[in-house]
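coords_37.pdb follows (PDB, N, CA and C atoms and all ligand atoms):
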```pdb
ATOM      1  N   MET A 396     112.511  81.745  86.232
ATOM      2  CA  MET A 396     112.113  80.793  87.254
ATOM      3  C   MET A 396     112.906  81.077  88.526
ATOM      4  N   ASN A 397     112.274  80.920  89.653
ATOM      5  CA  ASN A 397     112.895  81.251  90.919
ATOM      6  C   ASN A 397     112.921  80.015  91.808
ATOM      7  N   PHE A 398     114.104  79.589  92.210
ATOM      8  CA  PHE A 398     114.221  78.402  93.043
ATOM      9  C   PHE A 398     114.423  78.736  94.513
ATOM     10  N   GLY A 399     114.404  80.022  94.856
ATOM     11  CA  GLY A 399     114.564  80.389  96.251
ATOM     12  C   GLY A 399     116.011  80.345  96.684
ATOM     13  N   ASN A 400     116.244  80.546  97.967
ATOM     14  CA  ASN A 400     117.615  80.565  98.458
ATOM     15  C   ASN A 400     118.080  79.152  98.775
ATOM     16  N   SER A 401     119.238  79.054  99.383
ATOM     17  CA  SER A 401     119.808  77.736  99.614
ATOM     18  C   SER A 401     118.969  76.874 100.549
ATOM     19  N   HIS A 402     118.059  77.496 101.285
ATOM     20  CA  HIS A 402     117.178  76.738 102.157
ATOM     21  C   HIS A 402     115.832  76.464 101.493
ATOM     22  N   GLY A 403     115.712  76.859 100.225
ATOM     23  CA  GLY A 403     114.470  76.637  99.508
ATOM     24  C   GLY A 403     113.368  77.592  99.907
ATOM     25  N   LEU A 404     113.735  78.693 100.551
ATOM     26  CA  LEU A 404     112.715  79.623 101.036
ATOM     27  C   LEU A 404     112.849  80.976 100.364
ATOM     28  N   ASN A 405     111.746  81.560 100.055
ATOM     29  CA  ASN A 405     111.721  82.953  99.639
ATOM     30  C   ASN A 405     111.180  83.714 100.823
ATOM     31  N   ASN A 406     112.041  84.324 101.591
ATOM     32  CA  ASN A 406     111.578  84.896 102.850
ATOM     33  C   ASN A 406     111.256  86.382 102.786
ATOM     34  N   ILE A 407     111.269  86.950 101.610
ATOM     35  CA  ILE A 407     110.853  88.339 101.467
ATOM     36  C   ILE A 407     109.737  88.383 100.423
ATOM     37  N   SER A 408     108.585  88.882 100.852
ATOM     38  CA  SER A 408     107.457  89.046  99.933
ATOM     39  C   SER A 408     107.135  90.521  99.857
ATOM     40  N   LEU A 409     106.948  90.994  98.644
ATOM     41  CA  LEU A 409     106.565  92.392  98.496
ATOM     42  C   LEU A 409     105.650  92.556  97.297
ATOM     43  N   THR A 410     104.951  93.672  97.284
ATOM     44  CA  THR A 410     103.978  93.941  96.240
ATOM     45  C   THR A 410     104.431  95.136  95.418
ATOM     46  N   VAL A 411     104.378  94.960  94.126
ATOM     47  CA  VAL A 411     104.715  96.055  93.218
ATOM     48  C   VAL A 411     103.480  96.333  92.356
ATOM     49  N   ILE A 412     103.051  97.566  92.349
ATOM     50  CA  ILE A 412     101.883  97.968  91.546
ATOM     51  C   ILE A 412     102.401  98.694  90.313
ATOM     52  N   TRP A 413     101.982  98.215  89.181
ATOM     53  CA  TRP A 413     102.389  98.859  87.928
ATOM     54  C   TRP A 413     101.219  98.817  86.965
ATOM     55  N   ASP A 414     100.875  99.960  86.451
ATOM     56  CA  ASP A 414      99.829 100.068  85.447
ATOM     57  C   ASP A 414      98.525  99.427  85.941
ATOM     58  N   GLY A 415      98.219  99.642  87.235
ATOM     59  CA  GLY A 415      96.956  99.166  87.804
ATOM     60  C   GLY A 415      96.943  97.697  88.188
ATOM     61  N   ILE A 416      98.051  97.009  88.018
ATOM     62  CA  ILE A 416      98.121  95.585  88.355
ATOM     63  C   ILE A 416      99.074  95.405  89.536
ATOM     64  N   SER A 417      98.669  94.569  90.497
ATOM     65  CA  SER A 417      99.537  94.250  91.646
ATOM     66  C   SER A 417     100.290  92.960  91.375
ATOM     67  N   TYR A 418     101.584  93.035  91.549
ATOM     68  CA  TYR A 418     102.438  91.861  91.378
ATOM     69  C   TYR A 418     102.980  91.473  92.749
ATOM     70  N   GLU A 419     102.695  90.255  93.165
ATOM     71  CA  GLU A 419     103.216  89.738  94.436
ATOM     72  C   GLU A 419     104.532  89.026  94.126
ATOM     73  N   LEU A 420     105.612  89.550  94.645
ATOM     74  CA  LEU A 420     106.930  89.000  94.332
ATOM     75  C   LEU A 420     107.577  88.417  95.577
ATOM     76  N   GLN A 421     108.284  87.316  95.389
ATOM     77  CA  GLN A 421     109.047  86.714  96.484
ATOM     78  C   GLN A 421     110.520  86.699  96.099
ATOM     79  N   THR A 422     111.340  86.966  97.081
ATOM     80  CA  THR A 422     112.773  86.937  96.846
ATOM     81  C   THR A 422     113.473  86.656  98.169
ATOM     82  N   PHE A 423     114.759  86.812  98.173
ATOM     83  CA  PHE A 423     115.533  86.638  99.399
ATOM     84  C   PHE A 423     116.743  87.558  99.318
ATOM     85  N   PRO A 424     117.352  87.867 100.453
ATOM     86  CA  PRO A 424     118.493  88.800 100.434
ATOM     87  C   PRO A 424     119.579  88.323  99.474
ATOM     88  N   ASN A 425     120.108  89.267  98.738
ATOM     89  CA  ASN A 425     121.217  89.033  97.796
ATOM     90  C   ASN A 425     120.821  88.337  96.498
ATOM     91  N   GLU A 426     119.525  88.050  96.314
ATOM     92  CA  GLU A 426     119.142  87.514  94.998
ATOM     93  C   GLU A 426     119.285  88.611  93.948
ATOM     94  N   TYR A 427     118.927  89.823  94.322
ATOM     95  CA  TYR A 427     119.029  90.967  93.418
ATOM     96  C   TYR A 427     119.822  92.069  94.094
ATOM     97  N   ARG A 428     120.507  92.825  93.285
ATOM     98  CA  ARG A 428     121.327  93.918  93.808
ATOM     99  C   ARG A 428     120.465  95.031  94.387
ATOM    100  N   SER A 429     119.278  95.230  93.832
ATOM    101  CA  SER A 429     118.416  96.322  94.288
ATOM    102  C   SER A 429     116.967  96.007  93.940
ATOM    103  N   LEU A 430     116.062  96.838  94.459
ATOM    104  CA  LEU A 430     114.647  96.690  94.105
ATOM    105  C   LEU A 430     114.446  96.903  92.608
ATOM    106  N   MET A 431     115.220  97.804  92.030
ATOM    107  CA  MET A 431     115.114  98.040  90.593
ATOM    108  C   MET A 431     115.382  96.762  89.806
ATOM    109  N   MET A 432     116.433  96.045  90.165
ATOM    110  CA  MET A 432     116.784  94.835  89.424
ATOM    111  C   MET A 432     115.707  93.760  89.577
ATOM    112  N   LEU A 433     115.106  93.679  90.750
ATOM    113  CA  LEU A 433     114.006  92.729  90.959
ATOM    114  C   LEU A 433     112.840  93.070  90.032
ATOM    115  N   ILE A 434     112.440  94.336  90.025
ATOM    116  CA  ILE A 434     111.323  94.759  89.184
ATOM    117  C   ILE A 434     111.677  94.588  87.704
ATOM    118  N   PHE A 435     112.867  94.977  87.343
ATOM    119  CA  PHE A 435     113.346  94.867  85.958
ATOM    120  C   PHE A 435     113.268  93.422  85.483
ATOM    121  N   ASP A 436     113.707  92.490  86.322
ATOM    122  CA  ASP A 436     113.761  91.080  85.946
ATOM    123  C   ASP A 436     112.388  90.419  85.960
ATOM    124  N   ARG A 437     111.603  90.696  86.984
ATOM    125  CA  ARG A 437     110.354  89.953  87.165
ATOM    126  C   ARG A 437     109.163  90.570  86.448
ATOM    127  N   ILE A 438     109.167  91.897  86.302
ATOM    128  CA  ILE A 438     108.021  92.564  85.680
ATOM    129  C   ILE A 438     108.424  93.162  84.333
ATOM    130  N   GLY A 439     109.552  93.826  84.306
ATOM    131  CA  GLY A 439     110.079  94.363  83.059
ATOM    132  C   GLY A 439     109.277  95.488  82.432
ATOM    133  N   PRO A 440     108.902  96.501  83.216
ATOM    134  CA  PRO A 440     108.173  97.627  82.612
ATOM    135  C   PRO A 440     109.034  98.306  81.539
ATOM    136  N   GLU A 441     108.379  98.751  80.502
ATOM    137  CA  GLU A 441     109.107  99.452  79.436
ATOM    138  C   GLU A 441     109.765 100.705  79.986
ATOM    139  N   GLU A 442     110.961 100.961  79.536
ATOM    140  CA  GLU A 442     111.715 102.156  79.890
ATOM    141  C   GLU A 442     111.912 102.312  81.393
ATOM    142  N   PHE A 443     112.014 101.216  82.093
ATOM    143  CA  PHE A 443     112.279 101.227  83.537
ATOM    144  C   PHE A 443     113.733 100.822  83.749
ATOM    145  N   GLY A 444     114.439 101.584  84.563
ATOM    146  CA  GLY A 444     115.820 101.220  84.887
ATOM    147  C   GLY A 444     116.774 101.348  83.724
ATOM    148  N   VAL A 445     116.611 102.387  82.954
ATOM    149  CA  VAL A 445     117.377 102.573  81.720
ATOM    150  C   VAL A 445     118.893 102.582  81.969
ATOM    151  N   CYS A 446     119.333 103.203  83.054
ATOM    152  CA  CYS A 446     120.790 103.278  83.305
ATOM    153  C   CYS A 446     121.297 102.071  84.093
ATOM    154  N   LEU A 447     120.427 101.088  84.292
ATOM    155  CA  LEU A 447     120.782  99.837  84.983
ATOM    156  C   LEU A 447     121.379 100.066  86.365
ATOM    157  N   GLY A 448     120.843 101.064  87.046
ATOM    158  CA  GLY A 448     121.222 101.249  88.445
ATOM    159  C   GLY A 448     122.348 102.213  88.696
ATOM    160  N   MET A 449     122.733 102.981  87.683
ATOM    161  CA  MET A 449     123.808 103.955  87.871
ATOM    162  C   MET A 449     123.334 105.195  88.630
ATOM    163  N   GLY A 450     122.029 105.298  88.856
ATOM    164  CA  GLY A 450     121.503 106.433  89.601
ATOM    165  C   GLY A 450     121.418 107.707  88.786
ATOM    166  N   LYS A 451     121.384 107.602  87.468
ATOM    167  CA  LYS A 451     121.430 108.785  86.606
ATOM    168  C   LYS A 451     120.134 109.069  85.855
ATOM    169  N   CYS A 452     119.368 108.020  85.515
ATOM    170  CA  CYS A 452     118.277 108.218  84.545
ATOM    171  C   CYS A 452     116.954 108.638  85.171
ATOM    172  N   GLY A 453     116.704 108.249  86.407
ATOM    173  CA  GLY A 453     115.435 108.581  87.051
ATOM    174  C   GLY A 453     114.246 107.823  86.490
ATOM    175  N   THR A 454     114.480 106.716  85.814
ATOM    176  CA  THR A 454     113.359 105.938  85.253
ATOM    177  C   THR A 454     112.924 104.804  86.173
ATOM    178  N   CYS A 455     113.495 104.740  87.357
ATOM    179  CA  CYS A 455     113.171 103.637  88.273
ATOM    180  C   CYS A 455     112.406 104.148  89.491
ATOM    181  N   LEU A 456     111.723 105.261  89.350
ATOM    182  CA  LEU A 456     111.042 105.854  90.503
ATOM    183  C   LEU A 456     109.887 104.987  90.977
ATOM    184  N   VAL A 457     109.828 104.790  92.281
ATOM    185  CA  VAL A 457     108.711 104.079  92.895
ATOM    186  C   VAL A 457     108.214 104.893  94.085
ATOM    187  N   GLU A 458     106.921 104.814  94.308
ATOM    188  CA  GLU A 458     106.350 105.418  95.513
ATOM    189  C   GLU A 458     106.205 104.317  96.547
ATOM    190  N   VAL A 459     106.795 104.514  97.695
ATOM    191  CA  VAL A 459     106.692 103.531  98.775
ATOM    192  C   VAL A 459     105.372 103.795  99.491
ATOM    193  N   ILE A 460     104.436 102.880  99.315
ATOM    194  CA  ILE A 460     103.094 103.047  99.877
ATOM    195  C   ILE A 460     103.018 102.462 101.284
ATOM    196  N   GLN A 461     103.709 101.370 101.492
ATOM    197  CA  GLN A 461     103.672 100.724 102.815
ATOM    198  C   GLN A 461     104.996 100.049 103.114
ATOM    199  N   GLY A 462     105.422 100.187 104.339
ATOM    200  CA  GLY A 462     106.563  99.431 104.829
ATOM    201  C   GLY A 462     107.907 100.008 104.472
ATOM    202  N   HIS A 463     108.910  99.341 104.933
ATOM    203  CA  HIS A 463     110.305  99.645 104.690
ATOM    204  C   HIS A 463     110.739 100.934 105.391
ATOM    205  N   THR A 464     111.659 100.783 106.285
ATOM    206  CA  THR A 464     112.326 101.951 106.844
ATOM    207  C   THR A 464     113.335 102.374 105.810
ATOM    208  N   LEU A 465     113.054 103.467 105.167
ATOM    209  CA  LEU A 465     113.866 103.848 104.014
ATOM    210  C   LEU A 465     115.274 104.216 104.441
ATOM    211  N   THR A 466     116.211 103.686 103.690
ATOM    212  CA  THR A 466     117.595 104.063 103.919
ATOM    213  C   THR A 466     117.757 105.527 103.534
ATOM    214  N   ASP A 467     118.787 106.119 104.057
ATOM    215  CA  ASP A 467     119.027 107.532 103.756
ATOM    216  C   ASP A 467     119.253 107.738 102.266
ATOM    217  N   PHE A 468     118.890 108.913 101.824
ATOM    218  CA  PHE A 468     119.182 109.290 100.452
ATOM    219  C   PHE A 468     120.689 109.509 100.342
ATOM    220  N   ASP A 469     121.287 108.998  99.296
ATOM    221  CA  ASP A 469     122.665 109.396  99.090
ATOM    222  C   ASP A 469     122.674 110.606  98.148
ATOM    223  N   ARG A 470     123.802 111.201  97.980
ATOM    224  CA  ARG A 470     123.889 112.442  97.211
ATOM    225  C   ARG A 470     123.440 112.247  95.766
ATOM    226  N   ASN A 471     123.806 111.106  95.203
ATOM    227  CA  ASN A 471     123.428 110.793  93.825
ATOM    228  C   ASN A 471     121.914 110.755  93.672
ATOM    229  N   GLU A 472     121.256 110.084  94.596
ATOM    230  CA  GLU A 472     119.808 109.959  94.527
ATOM    231  C   GLU A 472     119.150 111.320  94.696
ATOM    232  N   ASN A 473     119.609 112.076  95.666
ATOM    233  CA  ASN A 473     119.060 113.422  95.871
ATOM    234  C   ASN A 473     119.157 114.260  94.612
ATOM    235  N   THR A 474     120.295 114.206  93.966
ATOM    236  CA  THR A 474     120.522 115.015  92.765
ATOM    237  C   THR A 474     119.590 114.585  91.646
ATOM    238  N   THR A 475     119.475 113.278  91.439
ATOM    239  CA  THR A 475     118.621 112.784  90.356
ATOM    240  C   THR A 475     117.158 113.090  90.643
ATOM    241  N   LEU A 476     116.725 112.904  91.874
ATOM    242  CA  LEU A 476     115.321 113.201  92.208
ATOM    243  C   LEU A 476     115.029 114.682  92.001
ATOM    244  N   ALA A 477     115.941 115.528  92.421
ATOM    245  CA  ALA A 477     115.747 116.972  92.250
ATOM    246  C   ALA A 477     115.673 117.326  90.766
ATOM    247  N   LYS A 478     116.505 116.681  89.969
ATOM    248  CA  LYS A 478     116.519 116.942  88.526
ATOM    249  C   LYS A 478     115.171 116.601  87.899
ATOM    250  N   HIS A 479     114.485 115.610  88.474
ATOM    251  CA  HIS A 479     113.186 115.186  87.952
ATOM    252  C   HIS A 479     112.031 115.849  88.706
ATOM    253  N   GLY A 480     112.350 116.840  89.520
ATOM    254  CA  GLY A 480     111.320 117.613  90.201
ATOM    255  C   GLY A 480     110.587 116.862  91.285
ATOM    256  N   VAL A 481     111.203 115.805  91.820
ATOM    257  CA  VAL A 481     110.544 115.005  92.849
ATOM    258  C   VAL A 481     110.875 115.566  94.224
ATOM    259  N   ASN A 482     109.841 115.901  94.996
ATOM    260  CA  ASN A 482     110.086 116.367  96.361
ATOM    261  C   ASN A 482     109.214 115.626  97.370
ATOM    262  N   ASN A 483     108.680 114.478  96.953
ATOM    263  CA  ASN A 483     107.899 113.621  97.838
ATOM    264  C   ASN A 483     108.851 112.602  98.458
ATOM    265  N   LEU A 484     108.973 112.621  99.788
ATOM    266  CA  LEU A 484     109.949 111.757 100.457
ATOM    267  C   LEU A 484     109.632 110.283 100.302
ATOM    268  N   ASN A 485     108.404 109.941  99.898
ATOM    269  CA  ASN A 485     108.059 108.534  99.692
ATOM    270  C   ASN A 485     108.397 108.056  98.288
ATOM    271  N   ILE A 486     108.849 108.953  97.454
ATOM    272  CA  ILE A 486     109.251 108.541  96.114
ATOM    273  C   ILE A 486     110.761 108.374  96.096
ATOM    274  N   ARG A 487     111.158 107.182  95.733
ATOM    275  CA  ARG A 487     112.575 106.833  95.746
ATOM    276  C   ARG A 487     112.981 106.203  94.431
ATOM    277  N   MET A 488     114.273 106.157  94.240
ATOM    278  CA  MET A 488     114.811 105.453  93.083
ATOM    279  C   MET A 488     115.014 104.001  93.489
ATOM    280  N   ALA A 489     114.328 103.111  92.796
ATOM    281  CA  ALA A 489     114.384 101.697  93.177
ATOM    282  C   ALA A 489     115.794 101.131  93.081
ATOM    283  N   CYS A 490     116.624 101.734  92.257
ATOM    284  CA  CYS A 490     118.000 101.222  92.141
ATOM    285  C   CYS A 490     118.827 101.552  93.373
ATOM    286  N   GLN A 491     118.331 102.429  94.226
ATOM    287  CA  GLN A 491     119.064 102.787  95.439
ATOM    288  C   GLN A 491     118.511 102.075  96.671
ATOM    289  N   LEU A 492     117.474 101.261  96.474
ATOM    290  CA  LEU A 492     116.885 100.526  97.594
ATOM    291  C   LEU A 492     117.350  99.079  97.554
ATOM    292  N   LEU A 493     118.063  98.679  98.567
ATOM    293  CA  LEU A 493     118.557  97.314  98.636
ATOM    294  C   LEU A 493     117.447  96.383  99.094
ATOM    295  N   ILE A 494     117.532  95.151  98.660
ATOM    296  CA  ILE A 494     116.555  94.149  99.090
ATOM    297  C   ILE A 494     117.090  93.492 100.362
ATOM    298  N   ASP A 495     116.358  93.694 101.439
ATOM    299  CA  ASP A 495     116.704  92.986 102.674
ATOM    300  C   ASP A 495     115.417  92.686 103.424
ATOM    301  N   GLU A 496     115.551  92.162 104.617
ATOM    302  CA  GLU A 496     114.357  91.738 105.377
ATOM    303  C   GLU A 496     113.379  92.886 105.591
ATOM    304  N   GLN A 497     113.876  94.111 105.584
ATOM    305  CA  GLN A 497     112.983  95.261 105.766
ATOM    306  C   GLN A 497     111.967  95.389 104.642
ATOM    307  N   CYS A 498     112.248  94.775 103.515
ATOM    308  CA  CYS A 498     111.350  94.861 102.361
ATOM    309  C   CYS A 498     110.162  93.927 102.483
ATOM    310  N   ASN A 499     110.206  93.011 103.437
ATOM    311  CA  ASN A 499     109.105  92.061 103.575
ATOM    312  C   ASN A 499     107.813  92.818 103.909
ATOM    313  N   GLY A 500     106.785  92.592 103.120
ATOM    314  CA  GLY A 500     105.514  93.261 103.329
ATOM    315  C   GLY A 500     105.414  94.627 102.675
ATOM    316  N   MET A 501     106.439  95.026 102.016
ATOM    317  CA  MET A 501     106.491  96.350 101.397
ATOM    318  C   MET A 501     105.529  96.432 100.194
ATOM    319  N   ILE A 502     104.947  97.582 100.010
ATOM    320  CA  ILE A 502     104.130  97.850  98.825
ATOM    321  C   ILE A 502     104.687  99.085  98.149
ATOM    322  N   VAL A 503     105.035  98.953  96.876
ATOM    323  CA  VAL A 503     105.510 100.093  96.116
ATOM    324  C   VAL A 503     104.729 100.200  94.825
ATOM    325  N   LYS A 504     104.645 101.417  94.341
ATOM    326  CA  LYS A 504     103.949 101.674  93.071
ATOM    327  C   LYS A 504     104.945 102.314  92.129
ATOM    328  N   ILE A 505     105.069 101.773  90.941
ATOM    329  CA  ILE A 505     105.959 102.370  89.954
ATOM    330  C   ILE A 505     105.349 103.686  89.491
ATOM    331  N   VAL A 506     106.129 104.748  89.597
ATOM    332  CA  VAL A 506     105.620 106.091  89.294
ATOM    333  C   VAL A 506     105.605 106.316  87.791
TER     334      VAL A 506
HETATM  335  S1  LIG B 601     118.023 102.834  87.127
HETATM  336 FE1  LIG B 601     118.627 104.781  86.455
HETATM  337  S2  LIG B 601     118.340 106.038  88.184
HETATM  338 FE2  LIG B 601     117.738 104.071  88.863
END
```
Take the structure in the file and give it back as structure tokens.
Amino acid sequence: MNFGNSHGLNNISLTVIWDGISYELQTFPNEYRSLMMLIFDRIGPEEFGVCLGMGKCGTCLVEVIQGHTLTDFDRNENTTLAKHGVNNLNIRMACQLLIDEQCNGMIVKIV
């Protein structure tokens, strides 16, 4: 259950597509440590986020379809993506994407 932030507002709305279904999610900054944790908690796809955000497993890949000025790749993310043969700049590790106002209106697809 989600009660929103201290003002009673969920000011970030985003869409996550998984297995052909669109999930409209609302959150607010600092409710979740990362996009991975939001997806893990609210949708819970099997075998998603296995390393719980350590940046090692590569099971949290999402394709950013719309929105979000992507933060720079850090070295850990680059290494893990390369290990999984990913060279599409729109595919990111959800555990490395922080939830902030930039996520409002974002559409991602779980790869
Ligand atoms: S949760 Fe393991 S790499 Fe993101």
Practice problem: Go through the chains and note each residue within 8 Å of ligand LIG 601 (chain B), using only N, CA and C atoms and all ligand atoms, then give the set as a list in words. | Solution: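 Checked against 8 Å with only N, CA and C atoms and all ligand atoms; the hits are Met431, Met432, Phe443, Gly444, Val445, Cys446, Leu447, Gly448, Met449, Gly450, Lys451, Cys452, Gly453, Thr454, Cys455, Leu456, Glu472, Thr475, Leu476, Arg487, Met488, Ala489, Cys490 and Gln491 of chain A.
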Quiz item: Using the chain letters and numbers from this document, which residues of range 426-502 of chain A does DSSP assign to strand (DSSP E), as a list in words?
Solution: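 Everything in range 426-502 of chain A that counts as strand (DSSP E) is Leu456, Val457, Glu458, Val459, Ile460, Gln461, Ile486, Arg487, Met488 and Ile502 of chain A.
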Could you give me, as a Markdown table, a per-residue list for range 401-451 of chain A showing, wherever an atom lies at most 10 Å from an atom of range 459-462 of chain A, the closest pair of atoms and their distance in Å to one decimal, using only C-alpha atoms and sorting by chain then residue number from low to high?
```
| residue | atom | partner | partner_atom | distance |
| --- | --- | --- | --- | --- |
| A:Leu409 | CA | A:Gly462 | CA | 9.5 |
| A:Thr410 | CA | A:Gln461 | CA | 9.5 |
| A:Val411 | CA | A:Val459 | CA | 9.5 |
| A:Ile412 | CA | A:Ile460 | CA | 9.8 |
```
Practice problem: Give me, please, the distance in Å between atom N of Lys478 in chain A and atom C of Ile502 in chain A, quoted to one decimal. | Solution: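 Straight-line distance from atom N of Lys478 in chain A to atom C of Ile502 in chain A works out to 22.7 Å.
Between atom C of Glu496 in chain A and CA of Ile407 in chain A lies a distance of 6.6 Å.
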Quiz prompt | alpha helix (DSSP H) call set, DSSP backbone run, chain A, as a list in words | solution = Leu430, Met431, Met432, Leu433, Ile434, Phe435, Asp436, Arg437, Arg470, Asn471, Glu472, Asn473, Thr474, Thr475, Leu476, Ala477 and Lys478 of chain A
Exercise. Work out how far CA of Trp413 in chain A is from CA of Asp436 in chain A, in Å to one decimal.
Key: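 Distance between the two atoms: 13.9 Å.
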Quiz item: Quick one: of A:Ser408, A:Ser417, A:Ser429, A:Thr422, who's nearest to Leu492 in chain A, counting only N, CA and C atoms?
Solution: A:Ser429
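Between Arg437 in chain A and the residues A:Asn471, A:Leu420, A:Ala477, A:Asn425, the shortest atom-to-atom distance, using all atoms listed in the file, involves A:Leu420.
Here the PyMOL selection byres (((chain A and resi 497) around 6) and not hetatm) catches exactly these residues: His463, Thr464, Asp495, Glu496, Cys498 and Asn499 of chain A.
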Exercise. Select, from A:Leu430, A:Ile438, A:Val457, A:Ile416, the residue with the minimum atom-to-atom distance to Lys504 in chain A, counting only N, CA and C atoms.
Key: A:Val457
Quiz item: Between A:Glu426, A:Glu458, A:Glu441, A:Asp469, which is the closest to Met501 in chain A once you count only C-alpha atoms?
Solution: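 Counting only C-alpha atoms, the residue closest to Met501 in chain A is A:Glu458.
The residue that comes closest to Val506 in chain A, out of A:Arg428, A:Leu433, A:Asp414, A:Asn482 and on the basis of only C-alpha atoms, is A:Asp414.
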